[in-house]
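The structure file query.cif is reproduced below (mmCIF, C-alpha atoms).
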```
data_protein
loop_
_atom_site.group_PDB
_atom_site.id
_atom_site.type_symbol
_atom_site.label_atom_id
_atom_site.label_comp_id
_atom_site.auth_asym_id
_atom_site.auth_seq_id
_atom_site.Cartn_x
_atom_site.Cartn_y
_atom_site.Cartn_z
ATOM 1 C CA MET F 1 33.120 103.865 -76.752
ATOM 2 C CA THR F 2 32.244 100.707 -78.782
ATOM 3 C CA THR F 3 29.906 97.759 -78.129
ATOM 4 C CA ASP F 4 30.807 94.089 -78.097
ATOM 5 C CA SER F 5 28.846 92.426 -80.936
ATOM 6 C CA THR F 6 28.392 89.160 -79.011
ATOM 7 C CA THR F 7 27.447 90.426 -75.543
ATOM 8 C CA GLY F 8 26.230 93.947 -76.245
ATOM 9 C CA ILE F 9 28.338 95.277 -73.342
ATOM 10 C CA PRO F 10 30.064 98.631 -73.964
ATOM 11 C CA GLU F 11 33.835 98.507 -74.181
ATOM 12 C CA ALA F 12 36.256 101.287 -73.325
ATOM 13 C CA ALA F 13 37.522 103.134 -76.353
ATOM 14 C CA ASP F 14 41.125 102.711 -75.264
ATOM 15 C CA ALA F 15 40.803 99.006 -74.439
ATOM 16 C CA PRO F 16 43.453 97.002 -76.313
ATOM 17 C CA PRO F 17 42.300 94.479 -78.903
ATOM 18 C CA PRO F 18 42.513 90.810 -77.925
ATOM 19 C CA GLY F 19 45.982 89.393 -78.327
ATOM 20 C CA ALA F 20 47.667 92.813 -78.438
ATOM 21 C CA ALA F 21 51.371 92.774 -77.675
ATOM 22 C CA PRO F 22 52.577 94.300 -74.410
ATOM 23 C CA THR F 23 53.791 97.874 -74.615
ATOM 24 C CA LYS F 24 57.307 99.039 -73.803
ATOM 25 C CA THR F 25 58.427 101.720 -71.406
ATOM 26 C CA ALA F 26 61.035 104.358 -72.183
ATOM 27 C CA ALA F 27 63.613 102.075 -70.584
ATOM 28 C CA GLY F 28 62.673 99.258 -72.951
ATOM 29 C CA LYS F 29 61.028 97.063 -70.292
ATOM 30 C CA ARG F 30 57.870 95.194 -71.228
ATOM 31 C CA ILE F 31 54.731 95.913 -69.180
ATOM 32 C CA PRO F 32 51.696 93.623 -69.629
ATOM 33 C CA GLN F 33 48.851 95.393 -71.381
ATOM 34 C CA GLY F 34 46.212 96.648 -68.912
ATOM 35 C CA HIS F 35 48.747 97.259 -66.099
ATOM 36 C CA ARG F 36 50.318 100.677 -65.712
ATOM 37 C CA ARG F 37 53.257 101.513 -63.479
ATOM 38 C CA LEU F 38 52.075 104.239 -61.103
ATOM 39 C CA LEU F 39 55.461 105.145 -59.633
ATOM 40 C CA THR F 40 58.811 105.164 -61.329
ATOM 41 C CA ARG F 41 61.986 104.190 -59.541
ATOM 42 C CA ARG F 42 62.889 107.864 -59.147
ATOM 43 C CA ASP F 43 59.498 108.566 -57.559
ATOM 44 C CA ARG F 44 59.991 105.736 -55.084
ATOM 45 C CA ILE F 45 63.430 107.009 -54.098
ATOM 46 C CA THR F 46 62.062 110.537 -53.655
ATOM 47 C CA LEU F 47 59.132 109.381 -51.531
ATOM 48 C CA SER F 48 61.407 107.153 -49.469
ATOM 49 C CA LEU F 49 63.678 110.095 -48.713
ATOM 50 C CA MET F 50 60.776 112.433 -47.945
ATOM 51 C CA ALA F 51 59.148 109.942 -45.578
ATOM 52 C CA GLY F 52 62.260 108.187 -44.303
ATOM 53 C CA LEU F 53 64.424 111.128 -43.209
ATOM 54 C CA PRO F 54 61.752 112.786 -41.022
ATOM 55 C CA THR F 55 60.900 109.387 -39.544
ATOM 56 C CA ILE F 56 64.536 108.703 -38.689
ATOM 57 C CA LEU F 57 64.953 112.156 -37.139
ATOM 58 C CA HIS F 58 61.739 111.711 -35.146
ATOM 59 C CA VAL F 59 62.844 108.325 -33.833
ATOM 60 C CA LEU F 60 66.311 109.590 -32.899
ATOM 61 C CA LEU F 61 65.277 112.906 -31.352
ATOM 62 C CA VAL F 62 62.067 111.766 -29.628
ATOM 63 C CA TRP F 63 61.857 108.029 -29.036
ATOM 64 C CA VAL F 64 65.542 107.234 -28.522
ATOM 65 C CA THR F 65 66.043 110.211 -26.207
ATOM 66 C CA ALA F 66 62.858 109.371 -24.265
ATOM 67 C CA LEU F 67 63.902 105.756 -23.782
ATOM 68 C CA ALA F 68 67.414 106.874 -22.849
ATOM 69 C CA SER F 69 65.973 109.248 -20.226
ATOM 70 C CA ILE F 70 63.894 106.432 -18.747
ATOM 71 C CA ALA F 71 66.953 104.202 -18.525
ATOM 72 C CA LEU F 72 69.125 106.965 -17.023
ATOM 73 C CA ALA F 73 66.481 107.672 -14.374
ATOM 74 C CA PHE F 74 67.632 104.516 -12.594
ATOM 75 C CA THR F 75 71.301 105.496 -12.622
ATOM 76 C CA THR F 76 73.717 108.153 -11.453
ATOM 77 C CA TRP F 77 75.816 109.922 -14.078
ATOM 78 C CA ASP F 78 77.712 113.170 -14.106
ATOM 79 C CA GLY F 79 77.798 113.274 -17.913
ATOM 80 C CA ILE F 80 81.562 112.727 -18.143
ATOM 81 C CA GLY F 81 82.315 109.390 -19.749
ATOM 82 C CA PHE F 82 80.027 106.383 -19.897
ATOM 83 C CA ASP F 83 82.187 104.565 -17.337
ATOM 84 C CA SER F 84 80.760 106.772 -14.575
ATOM 85 C CA ILE F 85 77.187 105.499 -15.098
ATOM 86 C CA LYS F 86 76.123 103.487 -12.034
ATOM 87 C CA TRP F 87 72.861 101.628 -11.486
ATOM 88 C CA VAL F 88 71.003 102.843 -8.374
ATOM 89 C CA GLY F 89 67.511 101.464 -8.980
ATOM 90 C CA LEU F 90 64.744 103.565 -7.421
ATOM 91 C CA ASP F 91 67.041 105.723 -5.300
ATOM 92 C CA ASN F 92 66.536 108.785 -7.518
ATOM 93 C CA PHE F 93 62.757 108.548 -7.180
ATOM 94 C CA ARG F 94 62.953 108.020 -3.390
ATOM 95 C CA GLU F 95 65.105 111.106 -3.039
ATOM 96 C CA LEU F 96 62.818 113.049 -5.346
ATOM 97 C CA PHE F 97 59.638 112.316 -3.407
ATOM 98 C CA THR F 98 61.080 112.528 0.100
ATOM 99 C CA ASN F 99 64.230 114.672 0.231
ATOM 100 C CA ASN F 100 63.788 117.339 -2.443
ATOM 101 C CA PRO F 101 62.302 120.535 -0.973
ATOM 102 C CA GLN F 102 61.679 121.954 -4.466
ATOM 103 C CA PHE F 103 59.729 119.040 -5.961
ATOM 104 C CA TRP F 104 56.325 119.481 -4.328
ATOM 105 C CA PRO F 105 56.345 123.292 -4.725
ATOM 106 C CA ALA F 106 57.126 122.697 -8.416
ATOM 107 C CA VAL F 107 54.170 120.314 -8.704
ATOM 108 C CA GLU F 108 51.972 122.889 -6.974
ATOM 109 C CA HIS F 109 53.132 125.625 -9.360
ATOM 110 C CA ASN F 110 52.393 123.448 -12.397
ATOM 111 C CA ILE F 111 48.875 122.860 -11.040
ATOM 112 C CA ILE F 112 48.422 126.595 -10.452
ATOM 113 C CA TRP F 113 49.646 127.206 -13.999
ATOM 114 C CA PHE F 114 46.948 124.872 -15.366
ATOM 115 C CA VAL F 115 44.157 126.316 -13.190
ATOM 116 C CA VAL F 116 44.963 129.890 -14.225
ATOM 117 C CA LEU F 117 45.166 129.024 -17.930
ATOM 118 C CA ILE F 118 41.867 127.111 -17.884
ATOM 119 C CA ALA F 119 40.067 129.722 -15.745
ATOM 120 C CA LEU F 120 41.136 133.021 -17.331
ATOM 121 C CA PRO F 121 42.557 133.023 -20.885
ATOM 122 C CA THR F 122 40.481 130.049 -22.056
ATOM 123 C CA PRO F 123 37.066 131.668 -21.421
ATOM 124 C CA PHE F 124 38.436 134.951 -22.752
ATOM 125 C CA GLY F 125 39.591 133.184 -25.921
ATOM 126 C CA LEU F 126 36.102 131.689 -26.287
ATOM 127 C CA PHE F 127 34.581 135.170 -25.855
ATOM 128 C CA LEU F 128 36.853 136.578 -28.563
ATOM 129 C CA ALA F 129 35.996 133.690 -30.900
ATOM 130 C CA VAL F 130 32.256 134.224 -30.436
ATOM 131 C CA GLN F 131 32.594 137.919 -31.209
ATOM 132 C CA LEU F 132 34.790 137.369 -34.271
ATOM 133 C CA ASP F 133 32.433 134.659 -35.542
ATOM 134 C CA LYS F 134 29.794 137.381 -36.050
ATOM 135 C CA ASN F 135 31.730 138.615 -39.104
ATOM 136 C CA ILE F 136 32.246 142.093 -37.693
ATOM 137 C CA ARG F 137 34.239 144.643 -39.643
ATOM 138 C CA PHE F 138 38.011 144.176 -39.639
ATOM 139 C CA SER F 139 37.629 140.720 -38.079
ATOM 140 C CA ARG F 140 40.735 139.524 -39.930
ATOM 141 C CA VAL F 141 42.749 142.369 -38.415
ATOM 142 C CA TYR F 142 41.531 141.477 -34.923
ATOM 143 C CA GLN F 143 42.296 137.793 -35.455
ATOM 144 C CA THR F 144 45.830 138.642 -36.523
ATOM 145 C CA ALA F 145 46.353 140.978 -33.584
ATOM 146 C CA PHE F 146 45.146 138.476 -30.988
ATOM 147 C CA PHE F 147 46.948 135.529 -32.582
ATOM 148 C CA LEU F 148 50.263 137.360 -33.027
ATOM 149 C CA PRO F 149 51.606 136.445 -29.545
ATOM 150 C CA VAL F 150 51.096 132.758 -30.356
ATOM 151 C CA VAL F 151 53.450 132.846 -33.333
ATOM 152 C CA MET F 152 56.024 134.950 -31.509
ATOM 153 C CA SER F 153 58.973 133.322 -29.794
ATOM 154 C CA LEU F 154 58.458 132.838 -26.069
ATOM 155 C CA ALA F 155 61.875 134.390 -25.537
ATOM 156 C CA VAL F 156 60.651 137.556 -27.276
ATOM 157 C CA ILE F 157 57.464 137.536 -25.202
ATOM 158 C CA GLY F 158 59.537 137.192 -22.047
ATOM 159 C CA PHE F 159 61.741 140.111 -23.078
ATOM 160 C CA VAL F 160 58.710 142.305 -23.828
ATOM 161 C CA TRP F 161 57.100 141.570 -20.461
ATOM 162 C CA GLN F 162 60.387 142.130 -18.666
ATOM 163 C CA LEU F 163 60.208 145.687 -19.964
ATOM 164 C CA VAL F 164 56.622 145.948 -18.755
ATOM 165 C CA TYR F 165 57.555 144.668 -15.278
ATOM 166 C CA ASN F 166 60.761 146.687 -14.909
ATOM 167 C CA PRO F 167 60.599 148.173 -11.386
ATOM 168 C CA ASP F 168 62.182 151.459 -12.428
ATOM 169 C CA THR F 169 60.967 152.249 -15.958
ATOM 170 C CA GLY F 170 58.333 149.554 -16.503
ATOM 171 C CA LEU F 171 54.854 150.377 -17.760
ATOM 172 C CA ILE F 172 52.947 148.984 -14.767
ATOM 173 C CA ASN F 173 54.986 150.732 -12.082
ATOM 174 C CA SER F 174 54.868 153.968 -14.049
ATOM 175 C CA VAL F 175 51.069 153.818 -14.316
ATOM 176 C CA ILE F 176 50.439 153.018 -10.638
ATOM 177 C CA GLY F 177 53.177 155.354 -9.382
ATOM 178 C CA ALA F 178 55.392 152.619 -7.939
ATOM 179 C CA ASN F 179 58.550 153.691 -9.772
ATOM 180 C CA LYS F 180 59.859 156.039 -7.130
ATOM 181 C CA PRO F 181 62.676 155.226 -4.672
ATOM 182 C CA GLY F 182 61.288 153.341 -1.716
ATOM 183 C CA HIS F 183 58.060 152.486 -3.538
ATOM 184 C CA TYR F 184 59.325 150.035 -6.137
ATOM 185 C CA ILE F 185 57.347 146.856 -6.765
ATOM 186 C CA ASP F 186 59.699 144.103 -7.881
ATOM 187 C CA TRP F 187 57.318 141.957 -9.898
ATOM 188 C CA ILE F 188 59.963 139.396 -10.881
ATOM 189 C CA GLY F 189 62.206 139.356 -7.821
ATOM 190 C CA ASN F 190 59.458 139.063 -5.202
ATOM 191 C CA PRO F 191 58.690 135.344 -4.571
ATOM 192 C CA ASP F 192 55.102 136.245 -3.666
ATOM 193 C CA LEU F 193 54.479 138.015 -6.984
ATOM 194 C CA ASN F 194 56.780 136.559 -9.640
ATOM 195 C CA LEU F 195 54.710 133.463 -10.491
ATOM 196 C CA TRP F 196 51.536 135.509 -10.953
ATOM 197 C CA ALA F 197 53.383 138.094 -13.028
ATOM 198 C CA ILE F 198 54.685 135.388 -15.364
ATOM 199 C CA LEU F 199 51.204 133.829 -15.564
ATOM 200 C CA VAL F 200 49.842 137.132 -16.865
ATOM 201 C CA ALA F 201 52.329 136.949 -19.749
ATOM 202 C CA ALA F 202 51.469 133.289 -20.348
ATOM 203 C CA SER F 203 47.742 134.075 -20.333
ATOM 204 C CA TRP F 204 48.264 136.871 -22.855
ATOM 205 C CA ARG F 205 49.682 134.327 -25.272
ATOM 206 C CA HIS F 206 47.286 131.494 -24.396
ATOM 207 C CA ALA F 207 44.150 133.560 -25.057
ATOM 208 C CA GLY F 208 45.028 133.931 -28.738
ATOM 209 C CA TYR F 209 45.656 130.202 -29.025
ATOM 210 C CA MET F 210 42.257 129.392 -27.502
ATOM 211 C CA MET F 211 40.582 131.972 -29.733
ATOM 212 C CA ILE F 212 41.764 130.220 -32.890
ATOM 213 C CA LEU F 213 40.745 126.772 -31.630
ATOM 214 C CA TYR F 214 37.253 127.927 -30.683
ATOM 215 C CA LEU F 215 36.868 129.967 -33.843
ATOM 216 C CA ALA F 216 37.585 126.853 -35.891
ATOM 217 C CA GLY F 217 34.986 124.980 -33.846
ATOM 218 C CA LEU F 218 32.375 127.712 -34.327
ATOM 219 C CA LYS F 219 32.896 127.690 -38.085
ATOM 220 C CA GLY F 220 31.861 124.021 -38.068
ATOM 221 C CA VAL F 221 28.509 124.651 -36.351
ATOM 222 C CA ASP F 222 25.535 123.993 -38.645
ATOM 223 C CA PRO F 223 23.848 127.364 -39.437
ATOM 224 C CA SER F 224 20.444 125.645 -39.391
ATOM 225 C CA LEU F 225 20.828 125.164 -35.631
ATOM 226 C CA ARG F 226 21.067 128.920 -35.148
ATOM 227 C CA GLU F 227 18.076 129.490 -37.419
ATOM 228 C CA ALA F 228 15.970 126.912 -35.582
ATOM 229 C CA SER F 229 16.874 128.472 -32.242
ATOM 230 C CA ALA F 230 15.928 131.928 -33.506
ATOM 231 C CA LEU F 231 12.568 130.607 -34.741
ATOM 232 C CA ASP F 232 11.933 129.194 -31.259
ATOM 233 C CA GLY F 233 12.388 132.693 -29.832
ATOM 234 C CA ALA F 234 15.712 132.113 -28.085
ATOM 235 C CA ASN F 235 17.936 135.136 -27.527
ATOM 236 C CA GLU F 236 21.657 135.236 -28.293
ATOM 237 C CA TRP F 237 22.767 133.957 -24.877
ATOM 238 C CA GLN F 238 20.209 131.143 -24.832
ATOM 239 C CA THR F 239 21.253 130.098 -28.334
ATOM 240 C CA PHE F 240 24.891 129.954 -27.326
ATOM 241 C CA LYS F 241 24.267 128.135 -24.029
ATOM 242 C CA ASN F 242 21.750 125.561 -25.254
ATOM 243 C CA VAL F 243 22.680 125.102 -28.914
ATOM 244 C CA ILE F 244 26.168 126.330 -29.813
ATOM 245 C CA PHE F 245 28.221 125.388 -26.756
ATOM 246 C CA PRO F 246 27.063 121.723 -26.638
ATOM 247 C CA THR F 247 28.222 121.287 -30.238
ATOM 248 C CA LEU F 248 31.696 122.498 -29.206
ATOM 249 C CA ARG F 249 32.304 119.409 -27.074
ATOM 250 C CA PRO F 250 35.087 118.036 -29.359
ATOM 251 C CA THR F 251 36.740 121.459 -29.347
ATOM 252 C CA ASN F 252 36.477 121.643 -25.555
ATOM 253 C CA THR F 253 38.244 118.277 -25.303
ATOM 254 C CA VAL F 254 41.086 119.519 -27.495
ATOM 255 C CA VAL F 255 41.286 122.761 -25.494
ATOM 256 C CA LEU F 256 41.491 120.834 -22.222
ATOM 257 C CA VAL F 257 44.267 118.552 -23.466
ATOM 258 C CA VAL F 258 46.217 121.433 -25.016
ATOM 259 C CA THR F 259 45.948 123.479 -21.813
ATOM 260 C CA ILE F 260 47.178 120.601 -19.652
ATOM 261 C CA ILE F 261 50.129 120.051 -21.986
ATOM 262 C CA GLU F 262 50.908 123.792 -21.966
ATOM 263 C CA ALA F 263 50.884 123.771 -18.161
ATOM 264 C CA LEU F 264 53.210 120.764 -17.984
ATOM 265 C CA ARG F 265 55.674 121.993 -20.601
ATOM 266 C CA ALA F 266 55.844 125.543 -19.236
ATOM 267 C CA PHE F 267 59.512 126.480 -19.255
ATOM 268 C CA ASP F 268 60.545 129.221 -21.653
ATOM 269 C CA LEU F 269 58.893 132.208 -20.008
ATOM 270 C CA VAL F 270 60.027 131.257 -16.514
ATOM 271 C CA TYR F 271 63.589 130.653 -17.656
ATOM 272 C CA VAL F 272 63.722 133.968 -19.521
ATOM 273 C CA PHE F 273 62.329 135.902 -16.541
ATOM 274 C CA ASN F 274 64.391 134.533 -13.634
ATOM 275 C CA LYS F 275 65.593 130.998 -14.506
ATOM 276 C CA GLY F 276 63.189 129.402 -12.047
ATOM 277 C CA ALA F 277 64.178 131.330 -8.944
ATOM 278 C CA GLN F 278 62.302 130.965 -5.672
ATOM 279 C CA GLY F 279 58.573 131.211 -6.199
ATOM 280 C CA THR F 280 58.624 130.040 -9.835
ATOM 281 C CA GLU F 281 59.875 126.468 -9.521
ATOM 282 C CA LEU F 282 58.411 124.154 -12.177
ATOM 283 C CA LEU F 283 59.081 120.508 -12.994
ATOM 284 C CA SER F 284 60.651 121.462 -16.319
ATOM 285 C CA ILE F 285 62.944 123.928 -14.538
ATOM 286 C CA LEU F 286 64.055 121.233 -12.087
ATOM 287 C CA VAL F 287 64.875 118.918 -14.995
ATOM 288 C CA THR F 288 67.022 121.576 -16.643
ATOM 289 C CA ASN F 289 68.777 122.674 -13.469
ATOM 290 C CA ASN F 290 69.757 119.102 -12.559
ATOM 291 C CA ILE F 291 70.901 118.059 -16.042
ATOM 292 C CA ILE F 292 72.782 121.148 -17.213
ATOM 293 C CA GLY F 293 73.292 122.920 -13.889
ATOM 294 C CA GLU F 294 76.539 123.516 -12.068
ATOM 295 C CA SER F 295 76.409 120.073 -10.439
ATOM 296 C CA SER F 296 75.245 117.872 -13.290
ATOM 297 C CA ARG F 297 73.029 115.048 -12.032
ATOM 298 C CA ILE F 298 71.734 113.569 -15.249
ATOM 299 C CA GLY F 299 70.209 110.504 -13.607
ATOM 300 C CA TYR F 300 68.316 112.578 -11.053
ATOM 301 C CA GLY F 301 67.139 115.045 -13.698
ATOM 302 C CA SER F 302 66.003 112.139 -15.858
ATOM 303 C CA ALA F 303 63.948 110.816 -12.939
ATOM 304 C CA ILE F 304 62.103 114.150 -12.775
ATOM 305 C CA ALA F 305 61.603 113.998 -16.544
ATOM 306 C CA VAL F 306 60.110 110.511 -16.216
ATOM 307 C CA VAL F 307 57.632 111.796 -13.621
ATOM 308 C CA LEU F 308 56.674 114.590 -16.000
ATOM 309 C CA LEU F 309 56.304 112.060 -18.823
ATOM 310 C CA VAL F 310 54.024 109.822 -16.753
ATOM 311 C CA ILE F 311 51.786 112.766 -15.827
ATOM 312 C CA SER F 312 51.583 113.737 -19.509
ATOM 313 C CA LEU F 313 50.683 110.199 -20.579
ATOM 314 C CA ILE F 314 47.904 110.044 -17.984
ATOM 315 C CA VAL F 315 46.316 112.954 -19.830
ATOM 316 C CA ILE F 316 47.170 112.088 -23.430
ATOM 317 C CA ILE F 317 46.355 108.358 -23.537
ATOM 318 C CA PRO F 318 42.631 108.676 -22.611
ATOM 319 C CA TYR F 319 42.283 111.424 -25.217
ATOM 320 C CA LEU F 320 43.871 109.277 -27.923
ATOM 321 C CA VAL F 321 41.755 106.256 -26.968
ATOM 322 C CA SER F 322 38.524 108.243 -27.195
ATOM 323 C CA THR F 323 39.603 109.767 -30.519
ATOM 324 C CA PHE F 324 40.389 106.375 -32.065
ATOM 325 C CA ARG F 325 37.078 104.974 -30.833
ATOM 326 C CA LYS F 326 35.173 107.795 -32.517
ATOM 327 C CA GLU F 327 37.050 107.195 -35.777
ATOM 328 C CA ARG F 328 36.201 103.492 -35.703
ATOM 329 C CA ARG F 329 32.525 104.211 -35.092
ATOM 330 C CA ALA F 330 32.510 106.699 -37.955
#
```
So, in terms of structure tokens, how does the structure I just supplied come out?
Amino acid sequence: MTTDSTTGIPEAADAPPPGAAPTKTAAGKRIPQGHRRLLTRRDRITLSLMAGLPTILHVLLVWVTALASIALAFTTWDGIGFDSIKWVGLDNFRELFTNNPQFWPAVEHNIIWFVVLIALPTPFGLFLAVQLDKNIRFSRVYQTAFFLPVVMSLAVIGFVWQLVYNPDTGLINSVIGANKPGHYIDWIGNPDLNLWAILVAASWRHAGYMMILYLAGLKGVDPSLREASALDGANEWQTFKNVIFPTLRPTNTVVLVVTIIEALRAFDLVYVFNKGAQGTELLSILVTNNIIGESSRIGYGSAIAVVLLVISLIVIIPYLVSTFRKERRA
């Protein structure tokens, strides 16, 4: 680094002398001295493809299909030719709310799905996270074991639990002695039992998901808070209740939103088990049965999908608003 003789201000060693000619790129183009091209034309093309293609796919597969479903909700269409599309206004929604005997049971089952997930596997996932946060031996092995159902396909999970619930050779009936003729318990075929049986499988998967979310939240807790609580004489439970759990408020918000979304989008397990037979009706099942069922009613199925979308937005929009407000304050 040199010093200007007139001002005494240090100059960068690589600064060009006054009046220096502009440099040339490999392509022979002149670039004014002091300005460097950060991205070449090839880089711009590559970045455009990397950002553009996913954006186009997202718009086509998410936004266009969502807007198309909203538009079709006000029509009748059997899916054969666009000439058969007829505008019916709010007729689909009137029929849905007044003349569909499966709609309100489906809404009730979705609510039950949410209550069970928030009441059973969520606290259990928190319990697992607290225990694994203590850095016990083989904690990585336990994390992998509990999180494995989350990364597994729901179709595979459904197949595994079908074997467990098999009335003849299933694990549960074999353990409780209900696998003998005349004493079978049909966990999937009985309308009074099938929803709860499927919820057990869903809870098995959901607990691992909650464990990872809470474990990430616990890793972000300031260790000095634990030390200060210990110095005040608080025991482990008091420290968790009064110090640790209040700091998990952002994580609890995420857990609540994720659980609501999981309850609304529940489909795979039910469809694998019994395709939404009596006792396991869900809004997502009604959408599928009306759109791709034997009697295709795409407009009516789209109306159910719009109802499901509105319920989802009621949950998601407040969460996004609060998140953006926190970012602006920060």
Given 5 Å on each side, where is the centre and what are the edge lengths in Å to one decimal of the axis-aligned box enclosing the listed atoms of range 272-285 of chain F, as AutoDock Vina command-line options?
```
--center_x 62.0 --center_y 128.2 --center_z -12.6 --size_x 17.2 --size_y 25.4 --size_z 23.8
```
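Residues surrounding range 155-170 of chain F within 9 Å are Pro149, Met152, Asn173, Ser174, Val175, Ala178, Asn179, Lys180, Pro181, Tyr184, Ile185, Asp186, Trp187, Ile188, Ala197, Ile198, Ala201, Ala202, Arg205, Asp268, Leu269, Val270, Tyr271, Val272 and Phe273 of chain F [all atoms listed in the file; sequence separation below 3 positions excluded].
Here the PyMOL selection byres ((chain F and resi 266) around 9) catches exactly these residues: Asn110, Trp113, Ala202, Ile261, Glu262, Ala263, Leu264, Arg265, Phe267, Asp268, Leu269, Val270, Leu282, Leu283, Ser284 and Ile285 of chain F.
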Requested in this report: Take CA of Thr323 in chain F and CA of Leu248 in chain F and report the distance between them in Å, one decimal.
Outcome: 15.0 Å
Report summary line: Shortest contact to Ala228 in chain F, candidates F:Ile244, F:Leu47, F:Leu213, F:Ile292, atoms counted all atoms listed in the file, goes to F:Ile244
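With distances restricted to all atoms listed in the file, F:Leu96 is the closest residue to Val307 in chain F from F:Ile56, F:Val141, F:Ile176, F:Leu96.
When only C-alpha atoms are used to compute distances to Thr239 in chain F, the closest of the residues F:Leu193, F:Phe103, F:Val150, F:Val130 turns out to be F:Val130.
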Pull out range 89-94 of chain F, keep all heavy atoms, and write it as a PDB file, in the first residue's frame.
```
ATOM      1  N   GLY F  89     -72.658 -21.439 -10.756  1.00  0.00           N
ATOM      2  CA  GLY F  89     -72.583 -20.504  -9.638  1.00  0.00           C
ATOM      3  C   GLY F  89     -72.273 -21.198  -8.321  1.00  0.00           C
ATOM      4  O   GLY F  89     -71.324 -21.977  -8.220  1.00  0.00           O
ATOM      5  N   LEU F  90     -73.090 -20.953  -7.314  1.00  0.00           N
ATOM      6  CA  LEU F  90     -72.868 -21.486  -5.969  1.00  0.00           C
ATOM      7  C   LEU F  90     -73.596 -22.797  -5.717  1.00  0.00           C
ATOM      8  O   LEU F  90     -73.665 -23.246  -4.563  1.00  0.00           O
ATOM      9  CB  LEU F  90     -73.304 -20.453  -4.927  1.00  0.00           C
ATOM     10  CG  LEU F  90     -72.537 -19.121  -4.925  1.00  0.00           C
ATOM     11  CD1 LEU F  90     -73.161 -18.168  -3.912  1.00  0.00           C
ATOM     12  CD2 LEU F  90     -71.062 -19.336  -4.613  1.00  0.00           C
ATOM     13  N   ASP F  91     -74.116 -23.414  -6.752  1.00  0.00           N
ATOM     14  CA  ASP F  91     -74.894 -24.644  -6.568  1.00  0.00           C
ATOM     15  C   ASP F  91     -74.072 -25.754  -5.923  1.00  0.00           C
ATOM     16  O   ASP F  91     -74.576 -26.515  -5.085  1.00  0.00           O
ATOM     17  CB  ASP F  91     -75.460 -25.129  -7.911  1.00  0.00           C
ATOM     18  CG  ASP F  91     -76.580 -24.226  -8.412  1.00  0.00           C
ATOM     19  OD1 ASP F  91     -77.005 -23.336  -7.637  1.00  0.00           O
ATOM     20  OD2 ASP F  91     -77.011 -24.385  -9.570  1.00  0.00           O
ATOM     21  N   ASN F  92     -72.795 -25.879  -6.335  1.00  0.00           N
ATOM     22  CA  ASN F  92     -71.945 -26.924  -5.758  1.00  0.00           C
ATOM     23  C   ASN F  92     -71.776 -26.732  -4.254  1.00  0.00           C
ATOM     24  O   ASN F  92     -71.813 -27.698  -3.477  1.00  0.00           O
ATOM     25  CB  ASN F  92     -70.578 -26.933  -6.433  1.00  0.00           C
ATOM     26  CG  ASN F  92     -70.634 -27.483  -7.848  1.00  0.00           C
ATOM     27  OD1 ASN F  92     -71.464 -28.346  -8.157  1.00  0.00           O
ATOM     28  ND2 ASN F  92     -69.770 -26.991  -8.718  1.00  0.00           N
ATOM     29  N   PHE F  93     -71.603 -25.495  -3.826  1.00  0.00           N
ATOM     30  CA  PHE F  93     -71.405 -25.222  -2.401  1.00  0.00           C
ATOM     31  C   PHE F  93     -72.714 -25.429  -1.619  1.00  0.00           C
ATOM     32  O   PHE F  93     -72.692 -25.911  -0.488  1.00  0.00           O
ATOM     33  CB  PHE F  93     -70.891 -23.795  -2.213  1.00  0.00           C
ATOM     34  CG  PHE F  93     -69.518 -23.571  -2.773  1.00  0.00           C
ATOM     35  CD1 PHE F  93     -69.350 -23.037  -4.039  1.00  0.00           C
ATOM     36  CD2 PHE F  93     -68.397 -23.916  -2.037  1.00  0.00           C
ATOM     37  CE1 PHE F  93     -68.087 -22.830  -4.558  1.00  0.00           C
ATOM     38  CE2 PHE F  93     -67.123 -23.713  -2.547  1.00  0.00           C
ATOM     39  CZ  PHE F  93     -66.962 -23.168  -3.814  1.00  0.00           C
ATOM     40  N   ARG F  94     -73.848 -25.077  -2.230  1.00  0.00           N
ATOM     41  CA  ARG F  94     -75.140 -25.313  -1.556  1.00  0.00           C
ATOM     42  C   ARG F  94     -75.364 -26.805  -1.343  1.00  0.00           C
ATOM     43  O   ARG F  94     -75.781 -27.245  -0.259  1.00  0.00           O
ATOM     44  CB  ARG F  94     -76.273 -24.720  -2.392  1.00  0.00           C
ATOM     45  CG  ARG F  94     -76.275 -23.204  -2.479  1.00  0.00           C
ATOM     46  CD  ARG F  94     -77.593 -22.696  -3.052  1.00  0.00           C
ATOM     47  NE  ARG F  94     -77.552 -21.264  -3.327  1.00  0.00           N
ATOM     48  CZ  ARG F  94     -77.291 -20.730  -4.514  1.00  0.00           C
ATOM     49  NH1 ARG F  94     -77.085 -21.529  -5.560  1.00  0.00           N
ATOM     50  NH2 ARG F  94     -77.270 -19.418  -4.681  1.00  0.00           N
TER      51      ARG F  94
END
```
